[in-house]
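Scroll down for the structure; my scribbles are underneath it.
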Amino acid sequence: MPALTAIQDWLSLFSLPFMQRAILGGILFGILGGLFGCFVILRRLSPFGDTVGHGAMLGVVLAASFQLPSTWGIIGYTVIVGVAVTYLIDRTNLGSDTILSIVLTGSISSAIIGLHFLPGYRGNLLSILFGDILAISNLDIILLLLLTGITLAFLLGTLPEQILLTLNADLASIQGIPVQLYRYLFIILLSITIGLTVRVVGILLVNGFLVIPAATSRLICQEFVPFLATSAGIGGLSGVVGMIISGTFDLPSGPSIVLVQLAVFLGTVLLRRQS
Amino acid sequence: MITDKCFEQAAVRVRHLSVLRGDYLALDSVSFDLLPGTHTAIIGPNGAGKSTLIKAILGLIPKTSGQVLIFGCTSKKLNKLRQGIGYIPQKFPFHGSFPLTVAEFVGLGVPKQGWFREKRRAVQQALERVNLHHLAKQKIGTLSGGELKRVLLAYCLVTPRRLLVLDEALAGVDQTGEAEFAALLALLKEELGWTILEVSHDLDSVKQCCDGVFCLNRKLLAEGCPHVTLTQENLQQVYGGQLPVTSYQLPVTS
């Protein structure tokens, strides 16, 4: 009964603790990316995701230099980059694209120079470029659950304010909404999410988690709350399906999840064109 | 009738307000009192500082010097009184596919406290007031310029206000829409006692609808009742050689 054996093998693969952690991680990262992505695309922050994501490389190098866990190095550095970029965009008249390019190239150059002084560290660099969801630890899951709880409380608790300041910051300011405080809190939570997501899908694919589910949801939703829920749903579901495909066909996990998100996006575009 | 008491309780009091934008002095020591329950227009040529004045009053841009009091408070101490201020900006840019319906947008103007059903009723009433209740479920990105301005007015109407500030709110609105908008503003002033401050380029409408006018060209050059203030002489001083088109016969002197 080769078919039965194959099914048993398949089931035993998904009963392994590391695989279960990876699936839970995929769902939580998908939901977080879907939620943040809605605001990222409406506030035109997609290049920000790229810059902060690439900044993670320097975070890894700094963590290795000071012999700290790479998670803390990445989170610390992405938060600093996120806040610094927002501050510089506010305080200079150079334009956000210029500031983001300067920070992006500065971070990568510093990381490469830093690596020069850390011989034998190239393996970890590869994992940060392409990510490894299977290496997700119990600590990562705890951090993720904590981050998801805080994000849900923050975004849903201040939803009308977040929508208004996304739409028009002047109207929000006149209503008495602390625009700058909310903007910086959003940026800090987004930077932490990007920092953690980088470890899973890598620097090169992190923006897909933020942009693709939200862009798909934007194609089909007229109202804001369904837009948010659909985006988070697509993110979470793509996490499960991507991990199942990755486990079944022995494919890299991060790209599998992103390709599932892409398939949902393309399917939605085609369905909309037909209708 | 303007009494001393009215003067003391000015809805907006501006004293020696100056605003520098880069090296350019956009406003130069502007002072005035906006009386409660009045409809006042700010007129002046392009670049006269009209929008700057409004934004500085509302605390949206920093002032270089001077004082602004709204309902007797500085903008930092307004707190809950902020809910009493409605603002319709000159430009309201957003992406056409922003996933937000008209009803959702108007609902953003309702204070957080209160029940969902009450909020829904308030949104419905505000939309009925601007004759747009049939568009409640439409995406805001699909509205015409005039409809969007009326939706912004509904956003201001959804909760009781004391001060309504409009920055060229009628730009892009057709004549019918303009008349409806003006009638609604008159109603808000007469029935609800709202104080209205608007930037306008339309001198005819200022004469018809407003109780007061501020003539601005970086400095406040003239102020008072439109019929008395909008003289050829004053307008020449404010606009230089380029007087705006008006169907009114302007008095030669005040």
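We name chains A, B, ... following the order of the structure tokens; residues begin at 1 in each chain, and ligands are numbered from 1 as shown.
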Show me, as a PyMOL selection string, every residue of chain B with an atom at most 10 Å from chain A, counting only C-alpha atoms.
chain B and resi 55+58-61+75-76+78-89+92-95+97-105+107-112+137-140
For B:Leu185, find every residue with an atom within 10 Å (counting only C-alpha atoms), except residues of its own chain fewer than 4 positions away, and show them as a CSV table (one decimal) with N, CA and C atoms, in the first residue's frame.
```csv
chain,number,residue,atom,x,y,z
B,39,HIS,N,-20.9,84.7,9.8
B,39,HIS,CA,-20.3,84.0,8.7
B,39,HIS,C,-19.4,85.0,8.1
B,153,LEU,N,-18.9,68.2,4.0
B,153,LEU,CA,-19.8,68.9,4.9
B,153,LEU,C,-20.6,68.0,5.8
B,164,LEU,N,-17.0,76.4,12.0
B,164,LEU,CA,-16.8,75.6,10.7
B,164,LEU,C,-15.8,76.5,9.9
B,179,ALA,N,-25.3,76.9,-4.8
B,179,ALA,CA,-26.5,77.5,-4.1
B,179,ALA,C,-26.9,76.7,-3.0
B,180,GLU,N,-27.0,75.3,-3.2
B,180,GLU,CA,-27.4,74.4,-2.1
B,180,GLU,C,-26.5,74.5,-0.9
B,181,PHE,N,-25.2,74.6,-1.2
B,181,PHE,CA,-24.1,74.6,-0.2
B,181,PHE,C,-24.3,75.9,0.6
B,189,LYS,N,-25.9,78.5,10.4
B,189,LYS,CA,-25.6,79.7,11.1
B,189,LYS,C,-26.8,80.2,11.9
B,190,GLU,N,-28.0,80.2,11.1
B,190,GLU,CA,-29.2,80.8,11.7
B,190,GLU,C,-29.8,79.8,12.8
B,191,GLU,N,-29.9,78.5,12.4
B,191,GLU,CA,-30.6,77.6,13.3
B,191,GLU,C,-29.7,77.1,14.5
B,194,TRP,N,-23.8,78.3,14.4
B,194,TRP,CA,-22.4,78.0,14.0
B,194,TRP,C,-21.7,79.3,13.6
B,195,THR,N,-20.4,79.4,14.0
B,195,THR,CA,-19.6,80.4,13.4
B,195,THR,C,-18.9,79.9,12.2
B,196,ILE,N,-18.9,80.6,11.1
B,196,ILE,CA,-18.3,80.1,9.9
B,196,ILE,C,-17.3,81.1,9.4
B,209,CYS,N,-23.9,86.4,1.2
B,209,CYS,CA,-24.0,85.4,2.3
B,209,CYS,C,-23.3,85.8,3.6
```
When you look at B:Ala126 with a cut-off of 9 Å (counting only C-alpha atoms), what residues show up, excluding the ones that are within fewer than 6 positions of it in the same chain? I need them as a ChimeraX atom specification.
/B:106,132-133,151,153-159
Based on the selection just made, write N, CA and C atoms of those residues as an mmCIF file, in the first residue's frame.
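Just written: part14.cif:
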```cif
data_model
loop_
_atom_site.group_PDB
_atom_site.id
_atom_site.type_symbol
_atom_site.label_atom_id
_atom_site.label_comp_id
_atom_site.auth_asym_id
_atom_site.auth_seq_id
_atom_site.Cartn_x
_atom_site.Cartn_y
_atom_site.Cartn_z
ATOM 1 N N VAL B 106 -18.136 59.520 6.692
ATOM 2 C CA VAL B 106 -18.902 60.475 7.511
ATOM 3 C C VAL B 106 -18.885 60.005 8.973
ATOM 4 N N LEU B 132 -27.357 63.464 0.124
ATOM 5 C CA LEU B 132 -26.491 62.425 -0.451
ATOM 6 C C LEU B 132 -26.722 61.060 0.196
ATOM 7 N N HIS B 133 -27.889 60.884 0.818
ATOM 8 C CA HIS B 133 -28.142 59.624 1.521
ATOM 9 C C HIS B 133 -28.136 58.431 0.555
ATOM 10 N N VAL B 151 -19.966 65.686 0.885
ATOM 11 C CA VAL B 151 -19.682 64.607 1.841
ATOM 12 C C VAL B 151 -18.804 65.148 2.981
ATOM 13 N N LEU B 153 -18.870 68.151 4.031
ATOM 14 C CA LEU B 153 -19.768 68.949 4.874
ATOM 15 C C LEU B 153 -20.586 68.025 5.783
ATOM 16 N N ALA B 154 -21.034 66.879 5.236
ATOM 17 C CA ALA B 154 -21.768 65.906 6.057
ATOM 18 C C ALA B 154 -20.884 65.396 7.196
ATOM 19 N N TYR B 155 -19.579 65.208 6.901
ATOM 20 C CA TYR B 155 -18.614 64.792 7.935
ATOM 21 C C TYR B 155 -18.569 65.831 9.063
ATOM 22 N N CYS B 156 -18.677 67.117 8.676
ATOM 23 C CA CYS B 156 -18.683 68.179 9.699
ATOM 24 C C CYS B 156 -20.021 68.227 10.438
ATOM 25 N N LEU B 157 -21.098 67.862 9.717
ATOM 26 C CA LEU B 157 -22.449 67.969 10.300
ATOM 27 C C LEU B 157 -22.793 66.813 11.235
ATOM 28 N N VAL B 158 -22.029 65.739 11.176
ATOM 29 C CA VAL B 158 -22.428 64.519 11.868
ATOM 30 C C VAL B 158 -22.348 64.666 13.393
ATOM 31 N N THR B 159 -21.645 65.673 13.844
ATOM 32 C CA THR B 159 -21.570 65.927 15.287
ATOM 33 C C THR B 159 -21.727 67.435 15.493
#
```
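Excluding B:Ile54 itself and any same-chain residue fewer than 4 positions from it, the protein and nucleic acid residues within 8 Å of it, counting only C-alpha atoms, are Lys50, Leu58, Val165 and Asp167 of chain B.
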Neighbouring residues of A:Leu58 were defined as those with any atom within 7 Å, considering only C-alpha atoms; residues of the same chain fewer than 5 positions away were excluded. Please report them as a PyMOL selection string.
chain A and resi 107-108+110-111
Coordinates-based distance that separates atom CA of A:Asp250 from atom CA of A:Leu144 (Å, one decimal)
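Separation between atom CA of A:Leu144 and atom CA of A:Asp250: 25.0 Å.
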Using DSSP on the backbone coordinates, identify all residues within stretch 53-98 of chain B classified as helix (DSSP H, G or I); present the result as a ChimeraX atom specification.
/B:53-57,75-77,79-84
With distances taken over only C-alpha atoms, which of A:Tyr184, A:Gly53, A:Gly236, A:Ala229 is nearest to A:Leu156?
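Distance minimum relative to A:Leu156 lands on A:Ala229.
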Using only C-alpha atoms, which residues sit within 7 Å of stretch 26-36 of chain B once same-chain residues fewer than 6 positions away are excluded, as a PDB file with N, CA and C atoms, in the first residue's frame?
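As written to disk, out_11.pdb reads:
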```pdb
ATOM      1  N   CYS B   6     -20.022  90.367  23.263  1.00  0.00           N
ATOM      2  CA  CYS B   6     -19.715  89.574  22.072  1.00  0.00           C
ATOM      3  C   CYS B   6     -18.229  89.622  21.797  1.00  0.00           C
ATOM      4  N   PHE B   7     -17.673  90.817  21.909  1.00  0.00           N
ATOM      5  CA  PHE B   7     -16.267  91.034  21.593  1.00  0.00           C
ATOM      6  C   PHE B   7     -15.374  90.204  22.516  1.00  0.00           C
ATOM      7  N   ALA B  10     -15.173  86.312  21.644  1.00  0.00           N
ATOM      8  CA  ALA B  10     -14.902  86.022  20.237  1.00  0.00           C
ATOM      9  C   ALA B  10     -14.662  84.521  20.055  1.00  0.00           C
ATOM     10  N   ALA B  11     -15.267  83.960  18.996  1.00  0.00           N
ATOM     11  CA  ALA B  11     -15.053  82.526  18.710  1.00  0.00           C
ATOM     12  C   ALA B  11     -13.585  82.287  18.385  1.00  0.00           C
ATOM     13  N   VAL B  12     -13.021  83.214  17.606  1.00  0.00           N
ATOM     14  CA  VAL B  12     -11.588  83.133  17.293  1.00  0.00           C
ATOM     15  C   VAL B  12     -10.981  84.514  17.515  1.00  0.00           C
ATOM     16  N   ARG B  13      -9.936  84.572  18.289  1.00  0.00           N
ATOM     17  CA  ARG B  13      -9.225  85.841  18.491  1.00  0.00           C
ATOM     18  C   ARG B  13      -7.788  85.671  18.014  1.00  0.00           C
ATOM     19  N   VAL B  14      -7.408  86.510  17.072  1.00  0.00           N
ATOM     20  CA  VAL B  14      -6.046  86.438  16.505  1.00  0.00           C
ATOM     21  C   VAL B  14      -5.332  87.746  16.823  1.00  0.00           C
ATOM     22  N   ARG B  15      -4.135  87.630  17.381  1.00  0.00           N
ATOM     23  CA  ARG B  15      -3.371  88.828  17.734  1.00  0.00           C
ATOM     24  C   ARG B  15      -1.941  88.758  17.189  1.00  0.00           C
ATOM     25  N   HIS B  16      -1.619  89.724  16.324  1.00  0.00           N
ATOM     26  CA  HIS B  16      -0.252  89.887  15.792  1.00  0.00           C
ATOM     27  C   HIS B  16       0.316  88.568  15.266  1.00  0.00           C
ATOM     28  N   LEU B  17      -0.493  87.855  14.519  1.00  0.00           N
ATOM     29  CA  LEU B  17      -0.077  86.540  14.006  1.00  0.00           C
ATOM     30  C   LEU B  17       0.846  86.708  12.794  1.00  0.00           C
ATOM     31  N   SER B  18       2.049  86.168  12.909  1.00  0.00           N
ATOM     32  CA  SER B  18       2.990  86.177  11.781  1.00  0.00           C
ATOM     33  C   SER B  18       3.434  84.751  11.513  1.00  0.00           C
ATOM     34  N   VAL B  19       3.563  84.435  10.224  1.00  0.00           N
ATOM     35  CA  VAL B  19       4.018  83.094   9.842  1.00  0.00           C
ATOM     36  C   VAL B  19       5.098  83.231   8.772  1.00  0.00           C
ATOM     37  N   LEU B  20       6.246  82.626   9.043  1.00  0.00           N
ATOM     38  CA  LEU B  20       7.339  82.571   8.063  1.00  0.00           C
ATOM     39  C   LEU B  20       7.309  81.218   7.393  1.00  0.00           C
ATOM     40  N   GLY B  49      -1.866  84.490   1.521  1.00  0.00           N
ATOM     41  CA  GLY B  49      -1.732  83.895   2.862  1.00  0.00           C
ATOM     42  C   GLY B  49      -3.058  83.459   3.469  1.00  0.00           C
ATOM     43  N   THR B 195     -20.412  79.360  13.963  1.00  0.00           N
ATOM     44  CA  THR B 195     -19.566  80.429  13.449  1.00  0.00           C
ATOM     45  C   THR B 195     -18.857  79.873  12.216  1.00  0.00           C
ATOM     46  N   ARG B 218      -1.146  89.218   2.887  1.00  0.00           N
ATOM     47  CA  ARG B 218      -0.096  89.018   3.896  1.00  0.00           C
ATOM     48  C   ARG B 218      -0.384  89.832   5.156  1.00  0.00           C
ATOM     49  N   LYS B 219      -0.917  91.058   4.995  1.00  0.00           N
ATOM     50  CA  LYS B 219      -1.383  91.841   6.135  1.00  0.00           C
ATOM     51  C   LYS B 219      -2.890  91.946   6.039  1.00  0.00           C
ATOM     52  N   LEU B 220      -3.550  92.189   7.148  1.00  0.00           N
ATOM     53  CA  LEU B 220      -4.991  92.433   7.104  1.00  0.00           C
ATOM     54  C   LEU B 220      -5.178  93.894   6.700  1.00  0.00           C
TER      55      LEU B 220
END
```
Give me the residues near stretch 13-26 of chain A as a PDB file with C-alpha atoms, in the first residue's frame, where near means some atom within 7 Å (using only C-alpha atoms) and where sequence neighbours in that chain fewer than 2 positions away do not count.
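That gives us around.pdb:
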```pdb
ATOM      1  CA  ASP A   9       4.690   9.988   5.934  1.00  0.00           C
ATOM      2  CA  TRP A  10       2.929  13.209   5.022  1.00  0.00           C
ATOM      3  CA  LEU A  11       0.947  13.254   8.258  1.00  0.00           C
ATOM      4  CA  LEU A  28       0.659  34.616  12.393  1.00  0.00           C
ATOM      5  CA  PHE A  29       3.143  36.282  10.038  1.00  0.00           C
ATOM      6  CA  GLY A  30       0.507  36.173   7.292  1.00  0.00           C
ATOM      7  CA  ILE A 133      10.686  29.474   8.726  1.00  0.00           C
ATOM      8  CA  LEU A 134      11.609  25.932   9.803  1.00  0.00           C
ATOM      9  CA  ILE A 136      11.422  29.252  14.096  1.00  0.00           C
ATOM     10  CA  ILE A 141       6.347  32.010  18.583  1.00  0.00           C
ATOM     11  CA  GLY A 236      -3.070  33.721   7.230  1.00  0.00           C
ATOM     12  CA  GLY A 239       0.740  30.891   5.348  1.00  0.00           C
ATOM     13  CA  VAL A 240      -0.972  27.498   5.890  1.00  0.00           C
ATOM     14  CA  MET A 243       3.671  25.628   4.327  1.00  0.00           C
TER      15      MET A 243
END
```
